file model.txt (compact mmCIF, C-alpha atoms)
# COMPACT_ATOMS: atom_id res chain seq x y z
CA MET A 1 0.00 0.00 0.00
CA THR A 2 1.24 3.48 -0.86
CA THR A 3 2.40 5.61 2.05
CA ARG A 4 0.87 9.10 2.04
CA VAL A 5 3.27 11.81 3.23
CA ILE A 6 3.06 15.54 3.91
CA ILE A 7 6.11 17.78 4.39
CA VAL A 8 6.02 20.68 6.86
CA ASP A 9 9.07 22.97 6.67
CA ASP A 10 9.51 26.73 6.40
CA GLN A 11 12.22 26.41 3.72
CA ALA A 12 10.76 26.03 0.23
CA MET A 13 13.94 24.46 -1.14
CA VAL A 14 13.89 21.78 1.57
CA ARG A 15 10.23 20.98 0.88
CA ALA A 16 10.85 20.77 -2.86
CA GLY A 17 13.91 18.57 -2.48
CA PHE A 18 12.26 16.14 -0.08
CA ALA A 19 9.08 16.03 -2.19
CA ALA A 20 11.02 15.23 -5.37
CA LEU A 21 13.02 12.51 -3.64
CA LEU A 22 10.05 10.83 -2.00
CA SER A 23 7.70 11.16 -4.97
CA ALA A 24 10.19 9.22 -7.07
CA GLN A 25 9.52 6.15 -4.90
CA ALA A 26 6.78 3.85 -6.18
CA ASP A 27 5.44 3.20 -2.67
CA ILE A 28 5.40 6.83 -1.42
CA ASP A 29 2.95 9.57 -2.40
CA VAL A 30 3.57 13.18 -1.27
CA VAL A 31 0.06 14.57 -0.82
CA GLY A 32 0.87 18.06 0.43
CA GLU A 33 3.35 20.63 1.74
CA ALA A 34 3.08 23.38 4.35
CA PRO A 35 5.44 26.25 5.35
CA ASP A 36 4.67 26.31 9.09
CA GLY A 37 3.18 24.25 11.89
CA ALA A 38 -0.26 25.86 11.88
CA GLN A 39 -0.76 25.19 8.18
CA GLY A 40 0.72 21.73 8.69
CA VAL A 41 -1.95 20.85 11.24
CA GLU A 42 -4.68 22.11 8.89
CA LEU A 43 -3.18 20.22 5.93
CA CYS A 44 -2.96 17.03 7.99
CA GLY A 45 -6.64 17.28 8.83
CA ARG A 46 -7.53 17.59 5.13
CA THR A 47 -5.20 15.01 3.60
CA HIS A 48 -5.03 12.32 6.33
CA PRO A 49 -1.41 11.29 5.67
CA ASP A 50 0.30 8.23 7.06
CA VAL A 51 3.55 10.09 7.81
CA VAL A 52 4.21 13.76 8.56
CA LEU A 53 7.76 15.06 8.00
CA MET A 54 7.89 17.92 10.51
CA ASP A 55 10.59 20.55 10.86
CA VAL A 56 11.35 21.45 14.48
CA ARG A 57 11.91 25.20 14.20
CA MET A 58 9.34 27.19 12.21
CA PRO A 59 7.52 30.55 12.45
CA GLU A 60 3.87 30.91 13.48
CA MET A 61 3.79 27.49 15.16
CA ASP A 62 6.85 25.34 15.79
CA GLY A 63 7.05 21.65 15.02
CA LEU A 64 6.62 20.63 18.65
CA GLU A 65 3.23 22.30 19.06
CA ALA A 66 2.15 21.11 15.62
CA ALA A 67 3.13 17.52 16.49
CA ARG A 68 1.15 17.73 19.73
CA ARG A 69 -1.94 18.88 17.91
CA ILE A 70 -1.65 16.33 15.13
CA LEU A 71 -1.11 13.52 17.62
CA GLY A 72 -3.97 14.68 19.81
CA ASN A 73 -1.78 15.74 22.76
CA GLY A 74 -2.32 19.48 22.50
CA ASN A 75 -5.21 21.91 22.15
CA GLY A 76 -6.17 20.54 18.74
CA SER A 77 -8.23 17.47 18.07
CA GLY A 78 -5.51 15.64 16.14
CA GLY A 79 -5.07 15.15 12.44
CA GLY A 80 -7.12 12.02 12.01
CA GLY A 81 -6.07 8.56 10.95
CA GLY A 82 -3.88 7.90 7.96
CA ARG A 83 -5.07 5.82 5.04
CA ASN A 84 -3.24 2.81 6.41
CA GLY A 85 -5.70 2.87 9.29
CA SER A 86 -3.25 3.07 12.20
CA ALA A 87 -5.07 3.41 15.48
CA GLY A 88 -2.89 6.33 16.56
CA GLY A 89 -3.43 8.32 13.35
CA PRO A 90 -0.52 9.78 11.40
CA LYS A 91 3.08 9.13 12.41
CA VAL A 92 5.26 12.20 12.92
CA LEU A 93 8.92 12.16 11.94
CA MET A 94 10.78 15.24 13.17
CA LEU A 95 13.39 16.94 10.98
CA THR A 96 16.21 18.93 12.55
CA THR A 97 19.58 20.47 11.74
CA PHE A 98 20.78 19.77 15.29
CA ASP A 99 21.79 16.36 16.60
CA VAL A 100 20.78 17.29 20.16
CA ASP A 101 17.71 19.47 20.43
CA ASP A 102 15.40 20.02 23.39
CA TYR A 103 12.44 20.39 21.05
CA VAL A 104 13.09 17.00 19.49
CA TYR A 105 13.10 15.28 22.87
CA GLU A 106 9.83 16.93 23.84
CA ALA A 107 8.35 15.92 20.48
CA LEU A 108 9.25 12.28 21.17
CA ARG A 109 7.53 12.57 24.53
CA ALA A 110 4.49 14.01 22.76
CA GLY A 111 4.29 10.92 20.56
CA ALA A 112 6.52 11.58 17.55
CA SER A 113 8.00 8.37 16.16
CA GLY A 114 11.56 9.61 15.83
CA PHE A 115 13.71 12.24 14.22
CA LEU A 116 16.12 12.60 11.35
CA LEU A 117 18.88 15.10 10.64
CA LYS A 118 18.20 17.21 7.54
CA ASP A 119 21.64 16.47 6.15
CA ALA A 120 21.13 12.70 6.33
CA PRO A 121 21.75 10.79 3.08
CA PRO A 122 18.70 10.57 0.76
CA ALA A 123 18.49 6.80 1.29
CA ASP A 124 18.13 7.39 5.04
CA LEU A 125 15.16 9.71 4.53
CA ILE A 126 13.39 7.19 2.29
CA ALA A 127 14.09 4.36 4.74
CA ALA A 128 12.92 6.50 7.67
CA VAL A 129 9.55 7.18 6.06
CA ARG A 130 9.05 3.48 5.40
CA VAL A 131 10.11 2.46 8.91
CA VAL A 132 7.81 4.97 10.59
CA ALA A 133 4.90 4.12 8.27
CA GLU A 134 5.16 0.50 9.38
CA GLY A 135 4.59 1.56 12.96
CA GLU A 136 8.18 1.25 14.15
CA ALA A 137 10.20 4.04 15.75
CA LEU A 138 13.29 5.52 14.16
CA LEU A 139 15.72 4.54 16.91
CA ALA A 140 18.62 3.05 15.01
CA PRO A 141 20.84 6.15 14.85
CA SER A 142 23.04 6.31 17.94
CA VAL A 143 22.28 10.02 18.24
CA THR A 144 18.66 9.19 19.14
CA ARG A 145 19.67 6.99 22.05
CA ARG A 146 22.18 9.62 23.19
CA LEU A 147 19.54 12.33 23.02
CA ILE A 148 17.12 10.35 25.17
CA ALA A 149 19.83 9.29 27.61
CA ASP A 150 21.11 12.86 28.02
CA PHE A 151 17.73 14.31 28.81
CA ALA A 152 16.72 11.39 31.02
CA LYS A 153 19.90 12.01 33.01
CA GLN A 154 18.76 15.59 33.55
CA ARG A 155 15.37 14.39 34.79
CA PRO A 156 16.21 11.81 37.48
CA VAL A 157 13.31 9.74 38.79
CA PRO A 158 13.10 8.98 42.53
CA PRO A 159 13.78 5.26 43.21
CA SER A 160 10.35 4.92 44.81
CA ALA A 161 8.69 5.85 41.52
CA ARG A 162 10.28 3.01 39.57
CA GLY A 163 8.28 0.15 41.04
CA LEU A 164 5.07 2.16 40.90
CA ARG A 165 5.37 2.78 37.17
CA LEU A 166 6.50 -0.74 36.28
CA ASN A 167 4.28 -2.84 38.52
CA GLY A 168 1.81 -3.51 35.74
CA LEU A 169 4.38 -5.51 33.74
CA THR A 170 5.31 -9.15 34.16
CA ASP A 171 8.96 -10.05 34.82
CA ARG A 172 9.37 -11.14 31.20
CA GLU A 173 7.81 -7.95 29.86
CA THR A 174 10.17 -5.93 32.05
CA GLU A 175 13.13 -7.83 30.59
CA VAL A 176 11.89 -7.15 27.07
CA LEU A 177 11.40 -3.45 27.83
CA GLU A 178 14.92 -3.16 29.21
CA LEU A 179 16.47 -4.68 26.09
CA LEU A 180 14.22 -2.61 23.83
CA ALA A 181 15.40 0.53 25.63
CA ARG A 182 19.00 -0.42 24.89
CA GLY A 183 18.24 -0.30 21.18
CA ARG A 184 17.88 -4.04 20.58
CA SER A 185 15.74 -5.23 17.67
CA ASN A 186 13.06 -7.87 18.12
CA THR A 187 15.43 -10.45 16.63
CA GLU A 188 18.20 -9.52 19.07
CA ILE A 189 15.80 -9.60 22.02
CA ALA A 190 14.60 -13.04 20.94
CA GLU A 191 18.17 -14.32 20.82
CA ALA A 192 19.07 -12.80 24.20
CA LEU A 193 16.04 -14.25 25.98
CA VAL A 194 15.86 -17.49 23.93
CA LEU A 195 12.36 -16.75 22.67
CA ALA A 196 10.62 -16.92 19.32
CA GLU A 197 10.59 -13.56 17.56
CA GLN A 198 6.79 -13.65 17.36
CA THR A 199 6.68 -14.08 21.14
CA VAL A 200 8.84 -10.98 21.53
CA LYS A 201 6.47 -9.03 19.25
CA THR A 202 3.58 -10.10 21.46
CA HIS A 203 5.39 -8.95 24.59
CA VAL A 204 6.22 -5.60 22.97
CA SER A 205 2.58 -5.11 21.97
CA ARG A 206 1.42 -5.88 25.52
CA ILE A 207 3.98 -3.46 26.97
CA PHE A 208 2.65 -0.67 24.73
CA THR A 209 -0.93 -1.45 25.74
CA LYS A 210 -0.27 -1.67 29.49
CA LEU A 211 1.82 1.50 29.61
CA GLY A 212 -0.25 3.47 27.12
CA LEU A 213 2.69 3.96 24.75
CA ARG A 214 2.52 4.75 21.04
CA ASP A 215 5.71 3.04 19.84
CA ARG A 216 9.31 2.08 20.61
CA ALA A 217 10.43 5.71 20.91
CA GLN A 218 8.07 6.31 23.80
CA ALA A 219 9.00 2.95 25.31
CA VAL A 220 12.67 3.94 25.37
CA ILE A 221 11.84 7.25 27.03
CA PHE A 222 9.62 5.51 29.59
CA ALA A 223 12.36 3.01 30.44
CA TYR A 224 14.85 5.80 31.13
CA GLU A 225 12.43 8.05 33.00
CA SER A 226 11.11 5.20 35.16
CA GLY A 227 14.65 4.29 36.20
CA LEU A 228 14.58 0.82 34.61
CA VAL A 229 17.55 1.80 32.46
CA SER A 230 20.22 4.32 33.39
CA PRO A 231 22.32 6.27 30.88
CA GLY A 232 25.67 4.61 30.32
CA GLU A 233 24.58 1.15 31.47
CA GLY A 234 24.98 -1.94 29.34

call {"tool": "encode", "arguments": {"input": "model.txt", "output": "structure tokens"}}
result
Amino acid sequence: MTTRVIIVDDQAMVRAGFAALLSAQADIDVVGEAPDGAQGVELCGRTHPDVVLMDVRMPEMDGLEAARRILGNGNGSGGGGGRNGSAGGPKVLMLTTFDVDDYVYEALRAGASGFLLKDAPPADLIAAVRVVAEGEALLAPSVTRRLIADFAKQRPVPPSARGLRLNGLTDRETEVLELLARGRSNTEIAEALVLAEQTVKTHVSRIFTKLGLRDRAQAVIFAYESGLVSPGEG
């Protein structure tokens, strides 16, 4: 199925370049562009994309506030579901020129599925759209894990809060969450715990449901903020 994408960026050259690159892919359809967050939210409501490429810093409304509204975590009502019918609606992929950016971290907390540097190779952008469209989080780049770890370190969680936030998980689910937070793929988790990969997928799905998480990006943040994983461990 074709992935519907909109591009929200205040630089016309960036929008044009990304649109040309993505439109050349047989499985990706760019259905709209917007120059700022406010127009991006409105465009999302009209076009119902599967993936929103969202710049972080823009006039009128920045990418963080726009992401919150599109994902239903702000004052807006959300942008509605994408054509692929994902329960959480469109997936938001943040674009930034900075490898460590406070806005990006807050966007991940708001429900964005990851972020990508604007100077990343074209193949990385195409792959990122496909990964996010499939419901996964863009966590492979080491910079993402460093970003989350750095900000989690600045927001220490009292030890007493750890058990309270994790007590809804089984021991096995807690093990899976810990490995997931360290950047392990489902295949790697299966190998580490001697489980079938499908069993790991089931555990991951249950973790998301129990903790009210959108995807792996939010799961990583939760693991750090709950104290299950500490920066620099493992």

call {"tool": "atom_distance", "arguments": {"input": "model.txt", "atom1": "CA of Glu134 (chain A)", "atom2": "CA of Val5 (chain A)"}}
result
13.0 Å

call {"tool": "atom_distance", "arguments": {"input": "model.txt", "atom1": "CA of Leu195 (chain A)", "atom2": "CA of Ala219 (chain A)"}}
result
20.2 Å

call {"tool": "residues_around", "arguments": {"input": "model.txt", "residues": "Ala12 (chain A)", "least_positions_apart": "3", "cutoff": "12 Å", "atoms": "all atoms listed in the file", "output": "mmCIF file with C-alpha atoms, in the frame of the given file"}}
result
data_model
loop_
_atom_site.group_PDB
_atom_site.id
_atom_site.type_symbol
_atom_site.label_atom_id
_atom_site.label_comp_id
_atom_site.auth_asym_id
_atom_site.auth_seq_id
_atom_site.Cartn_x
_atom_site.Cartn_y
_atom_site.Cartn_z
ATOM 1 C CA ILE A 7 6.110 17.780 4.390
ATOM 2 C CA VAL A 8 6.020 20.680 6.860
ATOM 3 C CA ASP A 9 9.070 22.970 6.670
ATOM 4 C CA ARG A 15 10.230 20.980 0.880
ATOM 5 C CA ALA A 16 10.850 20.770 -2.860
ATOM 6 C CA GLY A 17 13.910 18.570 -2.480
ATOM 7 C CA PHE A 18 12.260 16.140 -0.080
ATOM 8 C CA ALA A 19 9.080 16.030 -2.190
ATOM 9 C CA GLU A 33 3.350 20.630 1.740
ATOM 10 C CA ALA A 34 3.080 23.380 4.350
ATOM 11 C CA PRO A 35 5.440 26.250 5.350
ATOM 12 C CA ASP A 36 4.670 26.310 9.090
ATOM 13 C CA ASP A 55 10.590 20.550 10.860
#

call {"tool": "residues_around", "arguments": {"input": "model.txt", "residues": "Ala20 (chain A)", "least_positions_apart": "5", "cutoff": "12 Å", "atoms": "all atoms listed in the file", "output": "list in words"}}
result
Ile7, Met13, Val14, Arg15, Gln25, Ile28, Asp29, Val30, Val31, Glu33, Pro122 and Ile126 of chain A

call {"tool": "atom_distance", "arguments": {"input": "model.txt", "atom1": "CA of Arg109 (chain A)", "atom2": "CA of Pro49 (chain A)"}}
result
20.9 Å

call {"tool": "closest_residue", "arguments": {"input": "model.txt", "among": "A:Ala66, A:Ser226, A:Val51, A:Leu71", "to": "Arg130 (chain A)", "atoms": "all atoms listed in the file"}}
result
A:Val51

call {"tool": "closest_residue", "arguments": {"input": "model.txt", "among": "A:Val41, A:Val129, A:Val194, A:Ala112", "to": "Thr2 (chain A)", "atoms": "only C-alpha atoms"}}
result
A:Val129

call {"tool": "residues_around", "arguments": {"input": "model.txt", "residues": "Glu188 (chain A)", "least_positions_apart": "4", "cutoff": "9 Å", "atoms": "all atoms listed in the file", "output": "PDB file with C-alpha atoms, in the frame of the given file"}}
result
ATOM      1  CA  LEU A 179      16.470  -4.680  26.090  1.00  0.00           C
ATOM      2  CA  ARG A 184      17.880  -4.040  20.580  1.00  0.00           C
ATOM      3  CA  ALA A 192      19.070 -12.800  24.200  1.00  0.00           C
ATOM      4  CA  LEU A 193      16.040 -14.250  25.980  1.00  0.00           C
ATOM      5  CA  GLU A 197      10.590 -13.560  17.560  1.00  0.00           C
TER       6      GLU A 197
END
